[in-house]
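J.: Have a peek at structure-v5.csv (CSV, C-alpha atoms).
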chain,number,residue,atom,x,y,z
A,192,MET,CA,-18.5,-0.6,9.7
A,193,SER,CA,-18.8,-2.1,6.3
A,194,GLU,CA,-20.1,-5.6,5.5
A,195,ARG,CA,-17.4,-7.0,3.3
A,196,PRO,CA,-17.3,-10.8,3.2
A,197,ASP,CA,-14.2,-10.7,1.0
A,198,ARG,CA,-11.4,-8.2,0.2
A,199,ARG,CA,-13.2,-6.6,-2.8
A,200,PRO,CA,-13.2,-2.8,-2.8
A,201,ALA,CA,-16.1,-0.9,-1.2
A,202,PHE,CA,-17.4,2.3,-2.7
A,203,ILE,CA,-19.5,5.4,-2.0
A,204,ALA,CA,-21.2,7.0,-5.0
A,205,ASP,CA,-22.2,10.6,-5.3
A,206,ARG,CA,-25.7,11.7,-6.2
A,207,MET,CA,-25.0,11.7,-9.9
A,208,LEU,CA,-24.2,8.0,-10.0
A,209,GLY,CA,-27.4,6.4,-8.6
A,210,THR,CA,-27.7,3.9,-11.5
A,211,LEU,CA,-24.0,2.9,-11.2
A,212,CYS,CA,-24.6,2.4,-7.4
A,213,ARG,CA,-27.4,-0.1,-8.1
A,214,TYR,CA,-25.4,-1.9,-10.7
A,215,LEU,CA,-22.4,-2.2,-8.3
A,216,ARG,CA,-24.7,-3.7,-5.7
A,217,PHE,CA,-26.1,-6.2,-8.2
A,218,MET,CA,-22.4,-7.1,-8.9
A,219,GLY,CA,-21.9,-7.7,-5.1
A,220,TYR,CA,-20.0,-4.6,-4.3
A,221,ASP,CA,-20.5,-2.9,-1.0
A,222,THR,CA,-21.7,0.5,-2.3
A,223,LEU,CA,-23.1,3.4,-0.2
A,224,SER,CA,-25.0,6.2,-1.9
A,225,ALA,CA,-24.8,9.9,-1.3
A,226,ASN,CA,-28.6,9.7,-1.7
A,227,SER,CA,-28.8,8.3,1.8
A,228,LEU,CA,-27.5,11.7,3.1
A,229,ARG,CA,-29.8,14.6,3.9
A,230,GLU,CA,-30.2,16.7,0.8
A,231,GLY,CA,-29.2,20.3,0.7
A,232,ASN,CA,-26.2,20.0,3.1
A,233,ARG,CA,-23.5,22.4,1.8
A,234,ARG,CA,-20.8,20.2,3.4
A,235,GLU,CA,-21.9,17.1,1.6
A,236,ASP,CA,-18.6,16.8,-0.4
A,237,THR,CA,-16.6,17.0,2.8
A,238,LEU,CA,-18.9,14.4,4.4
A,239,LEU,CA,-18.4,12.1,1.5
A,240,LEU,CA,-14.6,12.4,1.7
A,241,ASP,CA,-14.6,11.9,5.5
A,242,LEU,CA,-16.9,8.8,5.1
A,243,ALA,CA,-14.6,7.4,2.4
A,244,ASP,CA,-11.6,7.9,4.6
A,245,ARG,CA,-13.2,6.5,7.8
A,246,THR,CA,-14.6,3.4,6.1
A,247,GLY,CA,-11.9,2.7,3.6
A,248,ARG,CA,-14.2,3.2,0.6
A,249,ILE,CA,-13.4,4.6,-2.8
A,250,LEU,CA,-15.4,7.7,-3.7
A,251,LEU,CA,-17.0,7.5,-7.2
A,252,THR,CA,-17.9,10.9,-8.5
A,253,LYS,CA,-18.8,12.9,-11.6
A,254,ASP,CA,-17.5,16.1,-9.9
A,255,ARG,CA,-14.0,16.9,-11.1
A,256,ASP,CA,-13.3,19.2,-8.1
A,257,LEU,CA,-14.4,16.6,-5.6
A,258,ALA,CA,-12.3,13.9,-7.3
A,259,GLU,CA,-9.3,16.2,-7.0
A,260,ARG,CA,-10.0,16.8,-3.3
A,261,GLY,CA,-10.2,13.1,-2.8
A,262,GLY,CA,-6.9,12.3,-4.4
A,263,GLU,CA,-6.2,8.6,-4.5
A,264,ARG,CA,-9.3,7.8,-2.5
A,265,ALA,CA,-11.6,9.2,-5.3
A,266,VAL,CA,-12.3,8.2,-8.9
A,267,LEU,CA,-13.7,10.6,-11.4
A,268,VAL,CA,-16.2,8.7,-13.5
A,269,MET,CA,-16.4,10.3,-17.0
A,270,GLY,CA,-19.0,8.1,-18.8
A,271,SER,CA,-22.5,9.3,-19.0
A,272,ASP,CA,-23.9,5.9,-20.0
A,273,ILE,CA,-24.1,3.2,-17.4
A,274,LEU,CA,-22.2,0.7,-19.5
A,275,ASP,CA,-19.4,3.3,-20.1
A,276,GLN,CA,-19.2,3.7,-16.4
A,277,VAL,CA,-18.9,0.0,-15.7
A,278,ARG,CA,-16.3,-0.3,-18.5
A,279,GLU,CA,-14.3,2.5,-16.9
A,280,LEU,CA,-14.2,0.8,-13.5
A,281,THR,CA,-13.4,-2.6,-15.1
A,282,ARG,CA,-10.5,-1.0,-17.0
A,283,ARG,CA,-9.1,0.5,-13.8
A,284,GLY,CA,-9.2,-3.0,-12.3
A,285,LEU,CA,-11.7,-1.9,-9.6
A,286,ILE,CA,-14.5,-4.3,-10.4
A,287,VAL,CA,-15.2,-7.6,-12.1
A,288,PRO,CA,-18.4,-7.1,-14.1
A,289,GLU,CA,-20.6,-10.1,-13.2
A,290,ILE,CA,-24.0,-10.3,-11.4
A,291,ARG,CA,-23.7,-11.9,-8.0
A,292,LEU,CA,-26.9,-11.1,-6.2
A,293,THR,CA,-25.3,-10.9,-2.8
A,294,ARG,CA,-26.5,-7.4,-1.9
A,295,CYS,CA,-29.8,-5.6,-1.9
A,296,SER,CA,-29.9,-3.1,-4.8
A,297,LEU,CA,-32.0,-0.7,-2.6
A,298,CYS,CA,-30.3,-0.7,0.8
A,299,ASN,CA,-26.9,-2.4,0.2
A,300,ARG,CA,-27.4,-5.0,2.9
A,301,LEU,CA,-26.1,-8.5,2.4
A,302,LEU,CA,-28.8,-10.9,1.1
A,303,ARG,CA,-29.4,-14.3,2.6
A,304,PRO,CA,-31.2,-17.4,1.1
A,305,ALA,CA,-34.9,-16.9,1.1
A,306,THR,CA,-37.2,-19.2,3.0
A,307,GLY,CA,-40.1,-21.0,1.3
A,308,ASP,CA,-42.5,-18.8,3.2
A,309,GLU,CA,-40.8,-15.6,2.0
A,310,ILE,CA,-40.9,-16.9,-1.6
A,311,ALA,CA,-44.6,-18.0,-1.3
A,312,GLY,CA,-45.6,-14.7,0.3
A,313,THR,CA,-44.1,-12.5,-2.4
A,314,ASP,CA,-46.7,-11.8,-5.1
A,315,TYR,CA,-44.0,-11.0,-7.8
A,316,ALA,CA,-42.2,-14.3,-7.4
A,317,PRO,CA,-42.3,-16.4,-10.6
A,318,ARG,CA,-44.7,-19.3,-10.6
A,319,ASN,CA,-42.2,-21.7,-12.2
A,320,ARG,CA,-39.4,-21.8,-9.6
A,321,THR,CA,-37.6,-24.8,-11.0
A,322,GLY,CA,-33.9,-24.4,-11.0
A,323,LEU,CA,-34.0,-20.9,-9.4
A,324,ARG,CA,-32.2,-19.8,-6.3
A,325,PHE,CA,-33.9,-17.1,-4.2
A,326,PHE,CA,-32.4,-14.5,-1.9
A,327,TRP,CA,-34.0,-12.2,0.7
A,328,CYS,CA,-33.2,-8.7,2.0
A,329,ARG,CA,-34.3,-8.8,5.7
A,330,ASN,CA,-34.1,-4.9,5.7
A,331,CYS,CA,-36.3,-4.2,2.7
A,332,SER,CA,-38.3,-7.5,2.6
A,333,LYS,CA,-37.4,-7.8,-1.1
A,334,LEU,CA,-37.0,-11.1,-2.9
A,335,TYR,CA,-34.2,-11.6,-5.5
A,336,TRP,CA,-33.5,-14.4,-8.0
A,337,MET,CA,-31.5,-14.8,-11.2
A,338,GLY,CA,-34.2,-14.9,-13.7
A,339,SER,CA,-34.4,-13.4,-17.2
A,340,HIS,CA,-34.0,-9.8,-15.8
A,341,GLY,CA,-30.7,-10.7,-14.1
A,342,GLU,CA,-29.6,-12.7,-17.1
A,343,ASN,CA,-30.4,-9.8,-19.5
A,344,LEU,CA,-28.5,-7.4,-17.2
A,345,GLU,CA,-25.5,-9.6,-17.1
A,346,LYS,CA,-25.6,-10.0,-20.9
A,347,ARG,CA,-25.8,-6.2,-21.3
A,348,ILE,CA,-22.8,-5.7,-19.1
A,349,ARG,CA,-20.7,-8.3,-20.8
A,350,GLU,CA,-21.6,-7.2,-24.3
A,351,GLY,CA,-20.8,-3.6,-23.3
A,352,LEU,CA,-17.2,-4.4,-22.4
In structure tokens, how does this file's structure come out?
T.:
Amino acid sequence: MSERPDRRPAFIADRMLGTLCRYLRFMGYDTLSANSLREGNRREDTLLLDLADRTGRILLTKDRDLAERGGERAVLVMGSDILDQVRELTRRGLIVPEIRLTRCSLCNRLLRPATGDEIAGTDYAPRNRTGLRFFWCRNCSKLYWMGSHGENLEKRIREGL
């Protein structure tokens, strides 16, 4: 079952789209990765199509044959650069390119507000926390906040459009 707090589309990305998968998660999109499947399975394409059908996800792929097999449930991503890929999905009306920090970029789980103890116990948290909001992945124990890295990422995305 997918964790979708709103009616935004959910995705599953093939192995060739790992960076796009992370970007989509930063933008708040529920995005599964084929990298979570066991490698070397000759039926992986069929598994991806079945998973997309069962969960109502759009399959994002660089594989033309797989996209054709998926029909309307699949999108062939042509760009080789991450910004080209984001631009493609934006043009198709599938995404709104903005950083949301509502999902873990590693595991796709929904983030929750971080506690003071979680922030204090994270050695990579910024010392100056004034005006920052922090989020926590309870699965990965990872702390997120919209600092300069997130701002630069958002600027890159917006300038790339």
J.: How many Å separate atom CA of A:Ala305 from atom CA of A:Arg291?
T.: 15.3 Å
J.: Point out the residue among A:Asp272, A:Tyr214, A:Pro304, A:Thr281 with the least atom-to-atom distance to A:Glu345, counting all atoms listed in the file.
T.: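 Ranking A:Asp272, A:Tyr214, A:Pro304, A:Thr281 by distance to A:Glu345, first place goes to A:Tyr214.
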J.: Would you mind listing what lies within 12 Å of A:Ser339 as a JSON list (two decimals) with C-alpha atoms, in the frame of the given file, with all atoms listed in the file counted and same-chain residues fewer than 5 positions away left out?
T.:
[["chain", "number", "residue", "atom", "x", "y", "z"],
["A", 317, "PRO", "CA", -42.30, -16.40, -10.60],
["A", 323, "LEU", "CA", -34.00, -20.90, -9.40],
["A", 344, "LEU", "CA", -28.50, -7.40, -17.20],
["A", 345, "GLU", "CA", -25.50, -9.60, -17.10],
["A", 346, "LYS", "CA", -25.60, -10.00, -20.90],
["A", 347, "ARG", "CA", -25.80, -6.20, -21.30]]
J.: From the set A:Leu238, A:Ile203, A:Leu302, A:Ile348, which residue has the shortest atom-to-atom contact distance to A:Leu334, counting all atoms listed in the file?
T.: A:Leu302
J.: Using all atoms listed in the file, pick whichever of A:Cys298, A:Met207, A:Leu267, A:Met337 has the shortest atom-to-atom distance to A:Ala316.
T.: A:Met337
J.: Any idea what's packed within 12 Å of A:Thr293, counting all atoms listed in the file, ignoring anything in its chain fewer than 3 positions away? Could you give it as a PyMOL selection string?
T.: chain A and resi 194-197+214-222+289-290+296+298-305+324-328+334-337
J.: Take the residues from that selection and write them out as a tab-separated table (two decimals), in the frame of the given file, keeping C-alpha atoms.
T.:
chain	number	residue	atom	x	y	z
A	194	GLU	CA	-20.10	-5.60	5.50
A	195	ARG	CA	-17.40	-7.00	3.30
A	196	PRO	CA	-17.30	-10.80	3.20
A	197	ASP	CA	-14.20	-10.70	1.00
A	214	TYR	CA	-25.40	-1.90	-10.70
A	215	LEU	CA	-22.40	-2.20	-8.30
A	216	ARG	CA	-24.70	-3.70	-5.70
A	217	PHE	CA	-26.10	-6.20	-8.20
A	218	MET	CA	-22.40	-7.10	-8.90
A	219	GLY	CA	-21.90	-7.70	-5.10
A	220	TYR	CA	-20.00	-4.60	-4.30
A	221	ASP	CA	-20.50	-2.90	-1.00
A	222	THR	CA	-21.70	0.50	-2.30
A	289	GLU	CA	-20.60	-10.10	-13.20
A	290	ILE	CA	-24.00	-10.30	-11.40
A	296	SER	CA	-29.90	-3.10	-4.80
A	298	CYS	CA	-30.30	-0.70	0.80
A	299	ASN	CA	-26.90	-2.40	0.20
A	300	ARG	CA	-27.40	-5.00	2.90
A	301	LEU	CA	-26.10	-8.50	2.40
A	302	LEU	CA	-28.80	-10.90	1.10
A	303	ARG	CA	-29.40	-14.30	2.60
A	304	PRO	CA	-31.20	-17.40	1.10
A	305	ALA	CA	-34.90	-16.90	1.10
A	324	ARG	CA	-32.20	-19.80	-6.30
A	325	PHE	CA	-33.90	-17.10	-4.20
A	326	PHE	CA	-32.40	-14.50	-1.90
A	327	TRP	CA	-34.00	-12.20	0.70
A	328	CYS	CA	-33.20	-8.70	2.00
A	334	LEU	CA	-37.00	-11.10	-2.90
A	335	TYR	CA	-34.20	-11.60	-5.50
A	336	TRP	CA	-33.50	-14.40	-8.00
A	337	MET	CA	-31.50	-14.80	-11.20
J.: Write out as number ranges by chain which residues come within 12 Å of A:Arg264 when counting all atoms listed in the file, dropping same-chain ones fewer than 3 positions away.
T.: A: 200-203, 239-252, 257-261, 267
J.: Export C-alpha atoms of the chosen residues as a short mmCIF file (atom, residue, chain, number, x, y, z; two decimals), in the coordinates of the input?
T.:
data_model
loop_
_atom_site.label_atom_id
_atom_site.label_comp_id
_atom_site.auth_asym_id
_atom_site.auth_seq_id
_atom_site.Cartn_x
_atom_site.Cartn_y
_atom_site.Cartn_z
CA PRO A 200 -13.20 -2.80 -2.80
CA ALA A 201 -16.10 -0.90 -1.20
CA PHE A 202 -17.40 2.30 -2.70
CA ILE A 203 -19.50 5.40 -2.00
CA LEU A 239 -18.40 12.10 1.50
CA LEU A 240 -14.60 12.40 1.70
CA ASP A 241 -14.60 11.90 5.50
CA LEU A 242 -16.90 8.80 5.10
CA ALA A 243 -14.60 7.40 2.40
CA ASP A 244 -11.60 7.90 4.60
CA ARG A 245 -13.20 6.50 7.80
CA THR A 246 -14.60 3.40 6.10
CA GLY A 247 -11.90 2.70 3.60
CA ARG A 248 -14.20 3.20 0.60
CA ILE A 249 -13.40 4.60 -2.80
CA LEU A 250 -15.40 7.70 -3.70
CA LEU A 251 -17.00 7.50 -7.20
CA THR A 252 -17.90 10.90 -8.50
CA LEU A 257 -14.40 16.60 -5.60
CA ALA A 258 -12.30 13.90 -7.30
CA GLU A 259 -9.30 16.20 -7.00
CA ARG A 260 -10.00 16.80 -3.30
CA GLY A 261 -10.20 13.10 -2.80
CA LEU A 267 -13.70 10.60 -11.40
#
J.: I'd like the interatomic distance between atom CA of A:Glu309 and atom CA of A:Asn343, to a tenth of an Å.
T.: 24.6 Å
J.: Excluding same-chain residues fewer than 3 positions from A:Asn226, what lies within 12 Å of it counting all atoms listed in the file, as a list in words?
T.: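 Final neighbour list, sorted by chain and number: Ile203, Ala204, Asp205, Arg206, Met207, Leu208, Gly209, Thr210, Cys212, Arg213, Thr222, Leu223, Arg229, Glu230, Gly231, Asn232, Glu235, Leu239, Leu297 and Cys298 of chain A.
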J.: Find, counting all atoms listed in the file, the residue in A:Leu280, A:Ser271, A:Gly341, A:Thr237 that gets nearest to A:Asp256.
T.: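 Ranking A:Leu280, A:Ser271, A:Gly341, A:Thr237 by distance to A:Asp256, first place goes to A:Thr237.
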J.: Kindly give the distance, in Å, that separates atom CA of A:Val268 and atom CA of A:Arg282, rounded to a single decimal.
T.: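 Straight-line distance from atom CA of A:Val268 to atom CA of A:Arg282 works out to 11.8 Å.
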J.: Nearest to A:Lys333: which of A:Arg320, A:Glu350, A:Lys253, A:Ile310 is it, counting all atoms listed in the file?
T.: A:Ile310
J.: Between A:Arg198, A:Glu342, A:Leu211, A:Asn319, which residue has the minimum interatomic distance to A:Gln276, considering only C-alpha atoms?
T.: A:Leu211
J.: Please reconstruct the missing atoms of stretch 286-310 of chain A (target: N, CA and C atoms) and return them as a JSON list (two decimals), in the coordinates of the input.
T.:
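Output file rebuild12.json is given in full below:
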[["chain", "number", "residue", "atom", "x", "y", "z"],
["A", 286, "ILE", "N", -13.36, -3.40, -10.52],
["A", 286, "ILE", "CA", -14.50, -4.30, -10.40],
["A", 286, "ILE", "C", -14.33, -5.46, -11.45],
["A", 287, "VAL", "N", -15.03, -6.55, -11.16],
["A", 287, "VAL", "CA", -15.20, -7.60, -12.10],
["A", 287, "VAL", "C", -16.70, -7.60, -12.47],
["A", 288, "PRO", "N", -17.02, -7.35, -13.74],
["A", 288, "PRO", "CA", -18.40, -7.10, -14.10],
["A", 288, "PRO", "C", -19.22, -8.43, -14.28],
["A", 289, "GLU", "N", -19.76, -8.90, -13.16],
["A", 289, "GLU", "CA", -20.60, -10.10, -13.20],
["A", 289, "GLU", "C", -21.70, -9.92, -12.10],
["A", 290, "ILE", "N", -22.88, -10.39, -12.39],
["A", 290, "ILE", "CA", -24.00, -10.30, -11.40],
["A", 290, "ILE", "C", -23.78, -11.35, -10.37],
["A", 291, "ARG", "N", -23.87, -10.94, -9.11],
["A", 291, "ARG", "CA", -23.70, -11.90, -8.00],
["A", 291, "ARG", "C", -24.88, -12.05, -7.12],
["A", 292, "LEU", "N", -25.74, -11.07, -7.05],
["A", 292, "LEU", "CA", -26.90, -11.10, -6.20],
["A", 292, "LEU", "C", -26.57, -11.45, -4.74],
["A", 293, "THR", "N", -25.63, -10.72, -4.19],
["A", 293, "THR", "CA", -25.30, -10.90, -2.80],
["A", 293, "THR", "C", -25.67, -9.70, -1.94],
["A", 294, "ARG", "N", -26.08, -8.60, -2.61],
["A", 294, "ARG", "CA", -26.50, -7.40, -1.90],
["A", 294, "ARG", "C", -27.79, -6.86, -2.41],
["A", 295, "CYS", "N", -28.52, -6.23, -1.54],
["A", 295, "CYS", "CA", -29.80, -5.60, -1.90],
["A", 295, "CYS", "C", -29.47, -4.37, -2.77],
["A", 296, "SER", "N", -30.15, -4.25, -3.90],
["A", 296, "SER", "CA", -29.90, -3.10, -4.80],
["A", 296, "SER", "C", -30.48, -1.82, -4.21],
["A", 297, "LEU", "N", -31.37, -1.93, -3.23],
["A", 297, "LEU", "CA", -32.00, -0.70, -2.60],
["A", 297, "LEU", "C", -31.23, -0.23, -1.41],
["A", 298, "CYS", "N", -30.84, -1.13, -0.50],
["A", 298, "CYS", "CA", -30.30, -0.70, 0.80],
["A", 298, "CYS", "C", -28.81, -1.12, 0.98],
["A", 299, "ASN", "N", -28.29, -1.98, 0.12],
["A", 299, "ASN", "CA", -26.90, -2.40, 0.20],
["A", 299, "ASN", "C", -26.64, -3.52, 1.21],
["A", 300, "ARG", "N", -27.64, -3.97, 1.92],
["A", 300, "ARG", "CA", -27.40, -5.00, 2.90],
["A", 300, "ARG", "C", -27.11, -6.35, 2.21],
["A", 301, "LEU", "N", -26.37, -7.21, 2.90],
["A", 301, "LEU", "CA", -26.10, -8.50, 2.40],
["A", 301, "LEU", "C", -27.42, -9.33, 2.33],
["A", 302, "LEU", "N", -27.59, -10.07, 1.24],
["A", 302, "LEU", "CA", -28.80, -10.90, 1.10],
["A", 302, "LEU", "C", -28.50, -12.28, 1.73],
["A", 303, "ARG", "N", -29.56, -12.97, 2.08],
["A", 303, "ARG", "CA", -29.40, -14.30, 2.60],
["A", 303, "ARG", "C", -30.39, -15.21, 1.77],
["A", 304, "PRO", "N", -30.20, -16.53, 1.80],
["A", 304, "PRO", "CA", -31.20, -17.40, 1.10],
["A", 304, "PRO", "C", -32.57, -17.16, 1.61],
["A", 305, "ALA", "N", -33.52, -17.10, 0.70],
["A", 305, "ALA", "CA", -34.90, -16.90, 1.10],
["A", 305, "ALA", "C", -35.54, -18.18, 1.57],
["A", 306, "THR", "N", -36.46, -18.05, 2.50],
["A", 306, "THR", "CA", -37.20, -19.20, 3.00],
["A", 306, "THR", "C", -38.37, -19.50, 2.05],
["A", 307, "GLY", "N", -38.91, -20.68, 2.14],
["A", 307, "GLY", "CA", -40.10, -21.00, 1.30],
["A", 307, "GLY", "C", -41.26, -20.11, 1.61],
["A", 308, "ASP", "N", -41.46, -19.73, 2.87],
["A", 308, "ASP", "CA", -42.50, -18.80, 3.20],
["A", 308, "ASP", "C", -42.34, -17.43, 2.60],
["A", 309, "GLU", "N", -41.10, -16.95, 2.59],
["A", 309, "GLU", "CA", -40.80, -15.60, 2.00],
["A", 309, "GLU", "C", -41.08, -15.66, 0.50],
["A", 310, "ILE", "N", -40.70, -16.75, -0.15],
["A", 310, "ILE", "CA", -40.90, -16.90, -1.60],
["A", 310, "ILE", "C", -42.44, -16.94, -1.86]]
